[in-house]
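Trainee: This is the structure, below, for whatever I ask next.
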Amino acid sequence: MVATNQYVADSATLLEIYKRAALLKANDERARKVILSGQIAMVYYSYRGQEIIPSVMGQLLRDDDTICTIYRGIHDMLGKGFPLRPLWAELAGRVTGSCKGKGGPMHLTYPPKGIMVTTGIVGSSAPIANGLAWAAQLDKSDRVSVCTFGDGASNIGAVHEAMNLASIWKLPTIFVCQNNLFAEHTTFEKMTGGQNIAGRAAGYGMPGVRVNGNDPEEMYSAFAQAVARARAGEGPTLLECMTFRFFGHNFGDDDSYIPKDQKAAAMEADPVPALRARLIADRIASEHELAAIEADIEAQIDDALEFALASPWPEPDDLRFDVFEKEIAA
Amino acid sequence: MVATNQYVADSATLLEIYKRAALLKANDERARKVILSGQIAMVYYSYRGQEIIPSVMGQLLRDDDTICTIYRGIHDMLGKGFPLRPLWAELAGRVTGSCKGKGGPMHLTYPPKGIMVTTGIVGSSAPIANGLAWAAQLDKSDRVSVCTFGDGASNIGAVHEAMNLASIWKLPTIFVCQNNLFAEHTTFEKMTGGQNIAGRAAGYGMPGVRVNGNDPEEMYSAFAQAVARARAGEGPTLLECMTFRFFGHNFGDDDSYIPKDQKAAAMEADPVPALRARLIADRIASEHELAAIEADIEAQIDDALEFALASPWPEPDDLRFDVFEKEIAA
Amino acid sequence: MSAEKAAKPKVSIIAAISKAYQDIFAEDPKVITLGEDLADPEGGGIAKITKGLSTSFGDDRVRSTPISEQAIMGAAIGASLAGYKPIAEIMLMNFTTVAMDMIVNHAAKLRFMSGGQTSVPIVIRTMTGLGYGSGGQHCDYLETWFAHTAGIKVCAASTPEDAYGLLRSAVEDPDPVIFIENLPTYHAPMAFELPDSSHRVPLGKAAIQREGSDVTLIAYARMAVEARAAAVQAAEQGVSVEVIDLRTIAPWDRETVLASARKTGRVLIAHEAVKEHGVGAEIAAVINEELFGALKKPVKRLGGAFSAVPYSKPLETAYAPDAARILAAIIELAK
Amino acid sequence: MSAEKAAKPKVSIIAAISKAYQDIFAEDPKVITLGEDLADPEGGGIAKITKGLSTSFGDDRVRSTPISEQAIMGAAIGASLAGYKPIAEIMLMNFTTVAMDMIVNHAAKLRFMSGGQTSVPIVIRTMTGLGYGSGGQHCDYLETWFAHTAGIKVCAASTPEDAYGLLRSAVEDPDPVIFIENLPTYHAPMAFELPDSSHRVPLGKAAIQREGSDVTLIAYARMAVEARAAAVQAAEQGVSVEVIDLRTIAPWDRETVLASARKTGRVLIAHEAVKEHGVGAEIAAVINEELFGALKKPVKRLGGAFSAVPYSKPLETAYAPDAARILAAIIELAK
Ligand SMILES: Cc1ncc(C[n+]2csc(CCOP(=O)(O)OP(=O)(O)O)c2C)c(N)n1
Ligand SMILES: Cc1ncc(C[n+]2csc(CCOP(=O)(O)OP(=O)(O)O)c2C)c(N)n1
Ligand SMILES: [Mg+2]
Ligand SMILES: [Mg+2]
């Protein structure tokens with residue numbers, strides 16, 4: 001499919017993708033450092049290694065396009081433009097967090113950038129994304145609705161129901177499966193009948209494409225095509241984006257179940273430095289320019305973290321609010 | 001697939017299939033008559049038109065092979081050998097019914113013939129059938145586990161999860177989708193992405209075959225192959241058996257949503273008289289022999305109905321029993 | 001509900017719900033609906049409640065769905081996040097079991113988990129109730145599960161007027177509401193008028209359907225119908241029963257219930273759901289706590305038997321309370 | 001649980017459950033288990049409870065599964081119908097929401113609906129509990145849903161001995177049992193011995209973990225741990241508390257509870273689940289009914305706040321009862 005695709009990431013686009021990827025990578029590194037240091041205690045699902053997918057998506061999506069993502073979704077959200085201060089304040093459980101400290105890392109939400117739902121339930125991003133897509137149809141808007149989920153999630157019923165509905169209703173839903181080859185400690189290979197998630201789309205009468213999610217150009221081309229299809233009212237697409245996570249299922253996970261050489265090879269092929277090297281080699285950006293971008297990212301994260309840690313905690317009484325629109329009686 | 005299939009229904013087999021089909025047809029006709037007459041009040045889902053599928057299955061299955069079926073499942077159960085007296089007594093809600101009157105038409109059960117579960121929840125036959133198949137594996141038995149469900153059920157999550165599990169565990173589960181083109185009032189066409197349920201099997205790495213479920217030979221050949229595959233430990237098969245139901249979703253359903261000509265054409269091609277005519281034409285059986293078989297069936301149903309209606313009702317106190325093995329305190 | 005009852009035209013609950021649908025769709029273009037068989041090509045739902053709706057308001061707003069309850073609920077939730085007000089039908093209440101994740105982990109929690117940034121103003125209509133011999137998987141009352149879930153409201157009507165007014169309020173409510181309909185009392189013409197389109201029944205407000213002084217009888221859904229009948233019979237035996245139809249099961253109307261209980265000192269609660277851990281338990285616990293020492297008799301509960309719903313008629317009849325059993329309990333309490 | 005407590009070796013609940021698994025698998029070849037990551041290639045489960053089991057007893061009996069909770073429960077139910085005794089792990093209790101149909105409509109009902117012809121002797125192990133900042137979808141206590149469902153039993157242990165003995169009894173029970181494990185108290189070494197393989201705790205029997213005369217304190221799971229701590233502190237303030245760990249939540253031990261309540265006349269119930277419509281409501285309703293007029297104070301309930309479980313530490317702490325809040329309630333009750 002890629003060969004015949006008309007959507008090509010030009011140099012400027014590749015640089016923009018890199019900027020996002022660098023932010024995502026830096027933010028993940030910082031998060032792990034902050035946990036280790038004890039500054040913030042949180043459940044954390046590292047996405048290191050998967051940055052290219054959401055960096056490309058963020059590049060191609062508008063603010064009014066929506067996304068429903070998962071516990072391992074901070075990369076998706078940063079790619080979509082989640083601002084750093086309310087993000088970090090939420091991670092720190094502060095009242096200045098986007099969710100006032102009520103949601104936390106697994107339920108980050110930021111509607112101004114179309115970040116509508118983050119779920120901790122495997123597969124549940126998909127059915128909800130269809131509703132946002134239905135709303136776009138009703139609004140006669142060309143906005144699209146993206147959901148992300150993992151390879152493991154592709155075996156749960158909700159995803160199947162959602163794909164069928166999207167197909168028959170021709171919804172502008174884009175199903176983005178980030179296949180990092182593991183679901184917790186379980187391999188993709190062992191649990192996936194057919195060994196080909198993209199191939200399941202045919203069963204619902206919709207296009208399904210497997211792409212190298214770590215290759216910015218291939219990812220760009222495939223995702224752009226899915227977006228164009230959705231915006232044109234032609235219906236959903238399933239993208240199976242091949243990738244790898246470097247650091248175990250969640251922070252603290254003993255990742256000895258990942259074969260050492262597989263992990264080493266994946267880290268060796270780390271897509272973020274690879275894109276960086278490519279930008280320099282192709283003279284799209286200089287080492288100096290990129291270093292400045294990265295330094296700026298670090299400064300932004302510094303600022304956000306400082307903001308978060310200086311922010312007040314919520315009060316117990318806050319439990320009475322946001323259950324319903326009207327507060328619960330004390 | 002059928003062309004290359006080694007499993008052929010010979011004349012004797014066709015006659016046996018007819019015997020079952022005639023029983024199924026007669027029993028359905030009687031059931032509708034009994035409801036109309038007011039003798040028994042019950043929820044009833046006619047399967048008229050779908051008789052060949054379970055008649056073939058019953059022909060090829062052993063008593064120790066199990067089946068999990070659905071509300072529209074009396075044909076499946078009669079095909080599998082459910083005796084008429086406990087069947088009719090259960091329909092009549094009597095204590096002599098197979099389920100002591102507690103289950104009723106939607107939950108008929110008869111383990112001696114491998115009839116393990118009848119569910120009223122669309123799709124739920126499939127996950128449970130896998131467990132029976134797993135038990136066969138553990139027992140190192142070559143028995144197979146069949147589940148039946150409808151075209152509408154193929155869009156529910158449970159069926160998808162079950163197919164994937166059966167595939168990766170190479171379970172001896174046979175997924176029999178009876179595609180009668182309607183789910184309640186909704187057409188197969190409108191609700192099924194891809195318009196091809198059998199085609200979904202490929203997504204799970206297992207064989208999926210669409211067959212004319214009203215053609216005894218085609219059905220025999222396909223089902224025999226699925227059984228052979230399962231018995232040999234080679235794993236599951238999905239069969240999409242094309243058929244049609246003549247009498248609306250349930251008894252009393254206003255079936256005006258079914259296009260008149262579609263219904264007329266289907267009834268015109270009624271598979272049971274068609275098989276009967278074929279037996280006579282091919283001199284497999286004489287009109288006289290078949291009439292005797294049919295008369296015997298009617299007599300058996302008479303007997304069962306009489307038995308049922310003469311049987312006592314359960315006592316209110318029976319509610320305390322069979323909730324747990326030990327009775328609930330009064 | 002006054003003396004001239006008999007003079008009123010008779011309408012059914014189902015007619016009231018259909019009218020509510022019509023009025024809501026005509027007034028609010030943001031309301032949409034989805035569920036199995038709901039649109040006209042599929043006959044307007046198994047109970048024909050939405051018959052005509054897709055023809056009048058378009059296939060975009062009225063959609064039949066595949067048999068995919070998780071997809072149904074997900075589509076409703078997602079559309080509500082984008083400003084729509086979906087009414088999702090989960091045909092029978094037992095089928096909520098395949099959509100519990102969407103309802104409980106998502107619809108009920110997204111407002112809270114997002115710190116109030118998003119909300120899920122959906123209505124889940126679902127039908128249930130024994131009486132048809134549909135057996136163990138088609139007529140459960142599962143309202144306790146949802147009452148126990150923070151973030152979702154639950155209601156059920158026992159009169160056409162309330163059905164109309166509650167459904168309208170549920171659709172206007174900014175939070176998710178489960179609207180439970182009782183199948184066996186659906187079609188029965190009742191002595192009530194079809195309300196006009198301004199009629200609303202506020203969520204959270206019970207109805208005193210009959211005033212009385214000896215016993216407070218709390219019920220909802222079909223049990224409220226049975227309760228009214230039992231109260232009439234009790235009056236003939238000289239016992240004055242105050243019948244309260246909760247209408248909103250969660251959050252329930254503590255003030256009305258406690259005021260009545262304080263007045264009578266004798267309370268009976270009846271629901272069709274399994275008695276153990278049913279909503280009667282919560283109500284009894286609260287009454288006992290709030291009115292400790294002020295009650296004349298312990299709060300009495302009637303509920304479904306502790307078993308699956310049985311098929312056979314005598315068992316089905318024995319399973320749930322009815323007017324006769326409610327009456328017997330009233331007489332016992334009033335002793 | 002006697003005076004020489006301190007002398008006992010310290011073991012954790014998780015160690016007790018692991019030992020139970022080992023002993024059960026060694027003794028009964030019909031026991032099988034399945035769930036996400038359970039087998040050794042996947043590390044023996046997220047809590048490593050089944051580590052070593054698939055290596056010792058084979059991949060046939062110990063199976064890792066895809067993330068397909070309906071398929072997991074279905075496979076367990078089906079295998080149980082054919083004479084096996086599956087232990088199915090639904091990793092976290094919130095994930096039962098995607099398998100409610102299998103659990104409620106099938107596991108709990110097949111015996112009844114088949115008129116006793118079939119039965120579903122399965123155990124569903126599931127973990128939950130707040131304390132880790134996992135937020136709204138990972139630590140709910142949903143036991144009320146199952147307690148309200150006829151045909152399935154529910155238990156939870158607060159000591160290693162009970163965890164061992166209850167799990168063994170659950171596996172031997174002829175009916176489905178949900179076995180709830182509390183994550184935050186999982187690893188804590190407790191002053192209990194690892195029981196030998198003959199140890200059983202009968203289902204349906206509560207434990208009086210501490211005798212007392214002023215207040216009856218009923219709890220289970222983590223709340224029982226908090227209750228024991230609170231009782232010690234109450235004793236220091238001169239209040240004698242009888243601590244009852246229900247252990248089996250459904251069916252609960254009415255005799256033990258009522259006897260204690262009759263003795264003390266003051267009852268406090270604590271659970272982590274949302275207070276409203278929690279199992280405390282049923283227990284309170286029964287105590288009030290059975291001991292009407294015999295109580296010194298109304299039955300008091302403590303439970304989780306009426307909201308989703310919040311993420312932020314101070315909110316999470318405020319959400320559920322703990323020893324301090326239990327103590328305060330005891331002192332208030334004892335006044
Ligand atoms: C319904 C449900 N079952 C189980 C879990 C526990 N769980 C959380 S993440 C996870 C693995 C998911 O793997 P995958 O879909 O591949 O996504 P990844 O974590 O690799 O990004 C599991 C089993 C869950 N959150 N929800
Ligand atoms: C989970 C669930 N949703 C909805 C229903 C209501 N329902 C009963 S039968 C049926 C149609 C099923 O159609 P299909 O699977 O094609 O089987 P058929 O009735 O045609 O044999 C529906 C929607 C149900 N029983 N279970
Ligand atoms: Mg993965
Ligand atoms: Mg059908």
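Residues in the structure tokens are numbered from 1 in each chain, the chains being A, B, ... in the order shown, and ligands are numbered from 1 in the order shown.
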Neighbours of Arg266 (chain D) within 12 Å (only C-alpha atoms; same-chain residues fewer than 6 positions away dropped), as a PyMOL selection string?
Mentor: chain D and resi 212-218+239-242+257-260+284+287-288+291+293-301+329-335
Trainee: Store the residues picked out above, limited to N, CA and C atoms, as an mmCIF file, in the first residue's frame.
Mentor:
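Saved to result_30.cif:
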data_model
loop_
_atom_site.group_PDB
_atom_site.id
_atom_site.type_symbol
_atom_site.label_atom_id
_atom_site.label_comp_id
_atom_site.auth_asym_id
_atom_site.auth_seq_id
_atom_site.Cartn_x
_atom_site.Cartn_y
_atom_site.Cartn_z
ATOM 1 N N GLY D 212 -14.806 -9.313 72.421
ATOM 2 C CA GLY D 212 -15.031 -8.033 73.075
ATOM 3 C C GLY D 212 -16.475 -7.920 73.512
ATOM 4 N N SER D 213 -16.766 -6.918 74.301
ATOM 5 C CA SER D 213 -18.102 -6.858 74.886
ATOM 6 C C SER D 213 -18.860 -5.561 74.622
ATOM 7 N N ASP D 214 -18.148 -4.525 74.177
ATOM 8 C CA ASP D 214 -18.828 -3.231 74.029
ATOM 9 C C ASP D 214 -19.382 -2.986 72.626
ATOM 10 N N VAL D 215 -18.587 -3.329 71.641
ATOM 11 C CA VAL D 215 -18.961 -3.029 70.257
ATOM 12 C C VAL D 215 -18.619 -4.225 69.373
ATOM 13 N N THR D 216 -19.519 -4.555 68.474
ATOM 14 C CA THR D 216 -19.244 -5.573 67.457
ATOM 15 C C THR D 216 -18.780 -4.859 66.197
ATOM 16 N N LEU D 217 -17.615 -5.238 65.689
ATOM 17 C CA LEU D 217 -17.046 -4.593 64.516
ATOM 18 C C LEU D 217 -16.935 -5.645 63.412
ATOM 19 N N ILE D 218 -17.675 -5.440 62.337
ATOM 20 C CA ILE D 218 -17.728 -6.431 61.252
ATOM 21 C C ILE D 218 -16.975 -5.883 60.038
ATOM 22 N N VAL D 239 -12.420 0.648 75.510
ATOM 23 C CA VAL D 239 -13.582 0.100 74.821
ATOM 24 C C VAL D 239 -13.244 -1.302 74.312
ATOM 25 N N SER D 240 -14.068 -2.249 74.648
ATOM 26 C CA SER D 240 -13.815 -3.646 74.286
ATOM 27 C C SER D 240 -14.553 -3.994 72.984
ATOM 28 N N VAL D 241 -13.792 -4.283 71.978
ATOM 29 C CA VAL D 241 -14.370 -4.477 70.645
ATOM 30 C C VAL D 241 -14.275 -5.944 70.211
ATOM 31 N N GLU D 242 -15.363 -6.471 69.738
ATOM 32 C CA GLU D 242 -15.351 -7.822 69.159
ATOM 33 C C GLU D 242 -15.194 -7.672 67.650
ATOM 34 N N VAL D 257 -22.708 -13.289 63.575
ATOM 35 C CA VAL D 257 -22.907 -11.843 63.627
ATOM 36 C C VAL D 257 -24.031 -11.484 64.602
ATOM 37 N N LEU D 258 -25.134 -12.186 64.502
ATOM 38 C CA LEU D 258 -26.276 -11.849 65.360
ATOM 39 C C LEU D 258 -25.975 -12.143 66.836
ATOM 40 N N ALA D 259 -25.257 -13.205 67.071
ATOM 41 C CA ALA D 259 -24.922 -13.531 68.470
ATOM 42 C C ALA D 259 -24.068 -12.428 69.067
ATOM 43 N N SER D 260 -23.113 -11.973 68.300
ATOM 44 C CA SER D 260 -22.234 -10.917 68.800
ATOM 45 C C SER D 260 -23.004 -9.610 68.974
ATOM 46 N N ALA D 284 -26.752 -4.649 57.991
ATOM 47 C CA ALA D 284 -27.438 -3.724 58.903
ATOM 48 C C ALA D 284 -28.937 -3.986 58.899
ATOM 49 N N ILE D 287 -29.630 -7.197 60.868
ATOM 50 C CA ILE D 287 -29.438 -7.019 62.317
ATOM 51 C C ILE D 287 -30.578 -6.196 62.896
ATOM 52 N N ASN D 288 -30.938 -5.128 62.220
ATOM 53 C CA ASN D 288 -32.010 -4.280 62.725
ATOM 54 C C ASN D 288 -33.330 -5.033 62.799
ATOM 55 N N LEU D 291 -32.835 -7.944 65.594
ATOM 56 C CA LEU D 291 -32.570 -7.495 66.968
ATOM 57 C C LEU D 291 -33.306 -6.196 67.270
ATOM 58 N N GLY D 293 -35.188 -3.478 68.849
ATOM 59 C CA GLY D 293 -35.438 -3.190 70.256
ATOM 60 C C GLY D 293 -34.327 -3.657 71.184
ATOM 61 N N ALA D 294 -33.444 -4.520 70.675
ATOM 62 C CA ALA D 294 -32.394 -5.075 71.530
ATOM 63 C C ALA D 294 -31.069 -4.345 71.360
ATOM 64 N N LEU D 295 -30.997 -3.422 70.426
ATOM 65 C CA LEU D 295 -29.739 -2.703 70.184
ATOM 66 C C LEU D 295 -29.679 -1.449 71.044
ATOM 67 N N LYS D 296 -28.452 -1.102 71.422
ATOM 68 C CA LYS D 296 -28.289 0.120 72.221
ATOM 69 C C LYS D 296 -28.129 1.341 71.335
ATOM 70 N N LYS D 297 -27.626 1.120 70.153
ATOM 71 C CA LYS D 297 -27.391 2.200 69.203
ATOM 72 C C LYS D 297 -27.761 1.679 67.817
ATOM 73 N N PRO D 298 -28.098 2.581 66.903
ATOM 74 C CA PRO D 298 -28.340 2.092 65.537
ATOM 75 C C PRO D 298 -27.056 1.531 64.924
ATOM 76 N N VAL D 299 -27.213 0.542 64.071
ATOM 77 C CA VAL D 299 -26.056 -0.037 63.384
ATOM 78 C C VAL D 299 -25.396 1.050 62.539
ATOM 79 N N LYS D 300 -24.100 1.132 62.653
ATOM 80 C CA LYS D 300 -23.341 2.183 61.968
ATOM 81 C C LYS D 300 -22.526 1.547 60.835
ATOM 82 N N ARG D 301 -22.514 2.229 59.685
ATOM 83 C CA ARG D 301 -21.742 1.700 58.546
ATOM 84 C C ARG D 301 -20.653 2.674 58.116
ATOM 85 N N ALA D 329 -15.267 5.929 64.960
ATOM 86 C CA ALA D 329 -16.650 5.449 64.933
ATOM 87 C C ALA D 329 -16.929 4.543 66.133
ATOM 88 N N ILE D 330 -15.946 3.761 66.510
ATOM 89 C CA ILE D 330 -16.112 2.889 67.688
ATOM 90 C C ILE D 330 -16.351 3.730 68.938
ATOM 91 N N ILE D 331 -15.514 4.730 69.091
ATOM 92 C CA ILE D 331 -15.609 5.572 70.287
ATOM 93 C C ILE D 331 -16.976 6.272 70.328
ATOM 94 N N GLU D 332 -17.394 6.750 69.183
ATOM 95 C CA GLU D 332 -18.691 7.404 69.079
ATOM 96 C C GLU D 332 -19.825 6.439 69.459
ATOM 97 N N LEU D 333 -19.724 5.225 68.912
ATOM 98 C CA LEU D 333 -20.751 4.206 69.187
ATOM 99 C C LEU D 333 -20.781 3.830 70.664
ATOM 100 N N ALA D 334 -19.596 3.788 71.270
ATOM 101 C CA ALA D 334 -19.502 3.279 72.643
ATOM 102 C C ALA D 334 -19.970 4.301 73.662
ATOM 103 N N LYS D 335 -20.169 5.529 73.226
ATOM 104 C CA LYS D 335 -20.570 6.600 74.159
ATOM 105 C C LYS D 335 -21.877 6.290 74.869
#
Trainee: Find the residues in chain D near chain B: any atom within 8 Å counts, using only C-alpha atoms. Write them as a PyMOL selection string.
Mentor: chain D and resi 60-61+65-66+68+70-84+102+109-118+150-152+174-175
Trainee: Write the residues of the preceding selection, restricted to N, CA and C atoms, as a tab-separated table (two decimals), in the first residue's frame.
Mentor:
chain	number	residue	atom	x	y	z
D	60	ASP	N	-0.84	-27.81	30.12
D	60	ASP	CA	-2.24	-28.14	29.92
D	60	ASP	C	-3.09	-27.65	31.07
D	61	ARG	N	-2.55	-27.79	32.26
D	61	ARG	CA	-3.34	-27.44	33.46
D	61	ARG	C	-3.18	-25.99	33.88
D	65	THR	N	-3.56	-16.79	29.10
D	65	THR	CA	-4.63	-16.52	28.13
D	65	THR	C	-4.40	-15.19	27.44
D	66	PRO	N	-5.08	-14.99	26.33
D	66	PRO	CA	-5.14	-13.63	25.76
D	66	PRO	C	-5.95	-12.73	26.71
D	68	SER	N	-8.91	-11.53	27.23
D	68	SER	CA	-10.24	-11.91	26.73
D	68	SER	C	-11.01	-12.48	27.91
D	70	GLN	N	-14.06	-12.64	28.73
D	70	GLN	CA	-15.23	-13.48	28.47
D	70	GLN	C	-14.78	-14.88	28.06
D	71	ALA	N	-13.73	-14.93	27.27
D	71	ALA	CA	-13.22	-16.24	26.86
D	71	ALA	C	-12.63	-16.98	28.04
D	72	ILE	N	-12.00	-16.25	28.94
D	72	ILE	CA	-11.43	-16.88	30.14
D	72	ILE	C	-12.55	-17.51	30.97
D	73	MET	N	-13.58	-16.72	31.25
D	73	MET	CA	-14.66	-17.23	32.09
D	73	MET	C	-15.42	-18.34	31.38
D	74	GLY	N	-15.62	-18.18	30.08
D	74	GLY	CA	-16.31	-19.23	29.33
D	74	GLY	C	-15.55	-20.54	29.38
D	75	ALA	N	-14.25	-20.44	29.20
D	75	ALA	CA	-13.43	-21.67	29.22
D	75	ALA	C	-13.50	-22.32	30.59
D	76	ALA	N	-13.49	-21.51	31.63
D	76	ALA	CA	-13.59	-22.07	32.99
D	76	ALA	C	-14.95	-22.76	33.18
D	77	ILE	N	-16.00	-22.08	32.77
D	77	ILE	CA	-17.34	-22.65	32.95
D	77	ILE	C	-17.46	-23.95	32.17
D	78	GLY	N	-17.06	-23.91	30.91
D	78	GLY	CA	-17.18	-25.11	30.07
D	78	GLY	C	-16.40	-26.29	30.63
D	79	ALA	N	-15.17	-26.01	31.06
D	79	ALA	CA	-14.36	-27.11	31.59
D	79	ALA	C	-14.99	-27.66	32.86
D	80	SER	N	-15.59	-26.79	33.66
D	80	SER	CA	-16.22	-27.26	34.90
D	80	SER	C	-17.43	-28.14	34.61
D	81	LEU	N	-18.09	-27.86	33.50
D	81	LEU	CA	-19.25	-28.69	33.13
D	81	LEU	C	-18.81	-30.11	32.77
D	82	ALA	N	-17.54	-30.23	32.42
D	82	ALA	CA	-17.03	-31.54	32.03
D	82	ALA	C	-16.21	-32.17	33.15
D	83	GLY	N	-16.38	-31.69	34.36
D	83	GLY	CA	-15.77	-32.39	35.49
D	83	GLY	C	-14.48	-31.79	36.01
D	84	TYR	N	-14.01	-30.71	35.42
D	84	TYR	CA	-12.80	-30.07	35.95
D	84	TYR	C	-13.17	-29.02	36.99
D	102	MET	N	-20.86	-13.82	31.63
D	102	MET	CA	-20.40	-15.19	31.91
D	102	MET	C	-20.56	-15.53	33.39
D	109	LYS	N	-25.93	-19.30	37.33
D	109	LYS	CA	-27.30	-19.77	37.08
D	109	LYS	C	-27.43	-21.15	36.44
D	110	LEU	N	-26.35	-21.68	35.91
D	110	LEU	CA	-26.53	-22.92	35.14
D	110	LEU	C	-27.06	-24.06	36.00
D	111	ARG	N	-26.61	-24.16	37.25
D	111	ARG	CA	-27.14	-25.24	38.08
D	111	ARG	C	-28.66	-25.11	38.20
D	112	PHE	N	-29.11	-23.92	38.51
D	112	PHE	CA	-30.55	-23.74	38.71
D	112	PHE	C	-31.32	-23.94	37.42
D	113	MET	N	-30.85	-23.28	36.37
D	113	MET	CA	-31.60	-23.34	35.11
D	113	MET	C	-31.63	-24.75	34.53
D	114	SER	N	-30.63	-25.54	34.86
D	114	SER	CA	-30.64	-26.92	34.34
D	114	SER	C	-31.36	-27.85	35.31
D	115	GLY	N	-31.93	-27.29	36.34
D	115	GLY	CA	-32.62	-28.14	37.32
D	115	GLY	C	-31.66	-29.07	38.05
D	116	GLY	N	-30.43	-28.59	38.22
D	116	GLY	CA	-29.45	-29.39	38.95
D	116	GLY	C	-28.73	-30.42	38.12
D	117	GLN	N	-28.98	-30.44	36.82
D	117	GLN	CA	-28.27	-31.41	35.97
D	117	GLN	C	-26.80	-31.07	35.77
D	118	THR	N	-26.50	-29.78	35.77
D	118	THR	CA	-25.11	-29.37	35.61
D	118	THR	C	-24.73	-28.49	36.81
D	150	ALA	N	-27.88	-14.69	43.08
D	150	ALA	CA	-28.07	-16.03	43.63
D	150	ALA	C	-27.25	-17.03	42.84
D	151	GLY	N	-26.56	-17.91	43.54
D	151	GLY	CA	-25.85	-18.99	42.85
D	151	GLY	C	-24.35	-18.86	42.86
D	152	ILE	N	-23.83	-17.78	43.42
D	152	ILE	CA	-22.38	-17.65	43.48
D	152	ILE	C	-21.99	-17.18	44.87
D	174	PRO	N	-18.76	-27.20	45.56
D	174	PRO	CA	-19.41	-27.63	44.30
D	174	PRO	C	-20.00	-26.48	43.48
D	175	ASP	N	-19.89	-25.26	43.96
D	175	ASP	CA	-20.50	-24.13	43.26
D	175	ASP	C	-19.48	-23.03	43.01
Trainee: Using only C-alpha atoms, which protein or nucleic acid residues come within 9 Å of region 252-254 of chain B? Drop anything in the same chain fewer than 5 positions from it, and give the result as a PDB file with all heavy atoms, in the first residue's frame.
Mentor:
ATOM      1  N   TYR B  44     -41.280 -18.891  22.415  1.00  0.00           N
ATOM      2  CA  TYR B  44     -40.887 -19.918  21.447  1.00  0.00           C
ATOM      3  C   TYR B  44     -40.269 -19.285  20.205  1.00  0.00           C
ATOM      4  O   TYR B  44     -40.837 -18.364  19.610  1.00  0.00           O
ATOM      5  CB  TYR B  44     -42.095 -20.774  21.047  1.00  0.00           C
ATOM      6  CG  TYR B  44     -41.699 -21.927  20.168  1.00  0.00           C
ATOM      7  CD1 TYR B  44     -41.020 -23.025  20.702  1.00  0.00           C
ATOM      8  CD2 TYR B  44     -41.950 -21.911  18.780  1.00  0.00           C
ATOM      9  CE1 TYR B  44     -40.608 -24.078  19.892  1.00  0.00           C
ATOM     10  CE2 TYR B  44     -41.553 -22.959  17.974  1.00  0.00           C
ATOM     11  CZ  TYR B  44     -40.879 -24.038  18.532  1.00  0.00           C
ATOM     12  OH  TYR B  44     -40.466 -25.071  17.734  1.00  0.00           O
ATOM     13  N   PHE B 247     -40.593 -18.221  10.235  1.00  0.00           N
ATOM     14  CA  PHE B 247     -41.719 -17.701  11.025  1.00  0.00           C
ATOM     15  C   PHE B 247     -41.408 -16.550  11.983  1.00  0.00           C
ATOM     16  O   PHE B 247     -41.909 -16.521  13.099  1.00  0.00           O
ATOM     17  CB  PHE B 247     -42.376 -18.845  11.804  1.00  0.00           C
ATOM     18  CG  PHE B 247     -43.098 -19.801  10.908  1.00  0.00           C
ATOM     19  CD1 PHE B 247     -42.617 -21.082  10.674  1.00  0.00           C
ATOM     20  CD2 PHE B 247     -44.264 -19.392  10.253  1.00  0.00           C
ATOM     21  CE1 PHE B 247     -43.295 -21.948   9.835  1.00  0.00           C
ATOM     22  CE2 PHE B 247     -44.943 -20.260   9.408  1.00  0.00           C
ATOM     23  CZ  PHE B 247     -44.445 -21.543   9.189  1.00  0.00           C
TER      24      PHE B 247
ATOM     25  N   ILE C  46     -38.290  -3.817  19.451  1.00  0.00           N
ATOM     26  CA  ILE C  46     -39.122  -5.002  19.708  1.00  0.00           C
ATOM     27  C   ILE C  46     -40.464  -4.608  20.313  1.00  0.00           C
ATOM     28  O   ILE C  46     -41.452  -5.293  20.122  1.00  0.00           O
ATOM     29  CB  ILE C  46     -38.452  -6.067  20.620  1.00  0.00           C
ATOM     30  CG1 ILE C  46     -37.979  -5.456  21.943  1.00  0.00           C
ATOM     31  CG2 ILE C  46     -37.336  -6.802  19.925  1.00  0.00           C
ATOM     32  CD1 ILE C  46     -37.823  -6.529  23.035  1.00  0.00           C
TER      33      ILE C  46
END
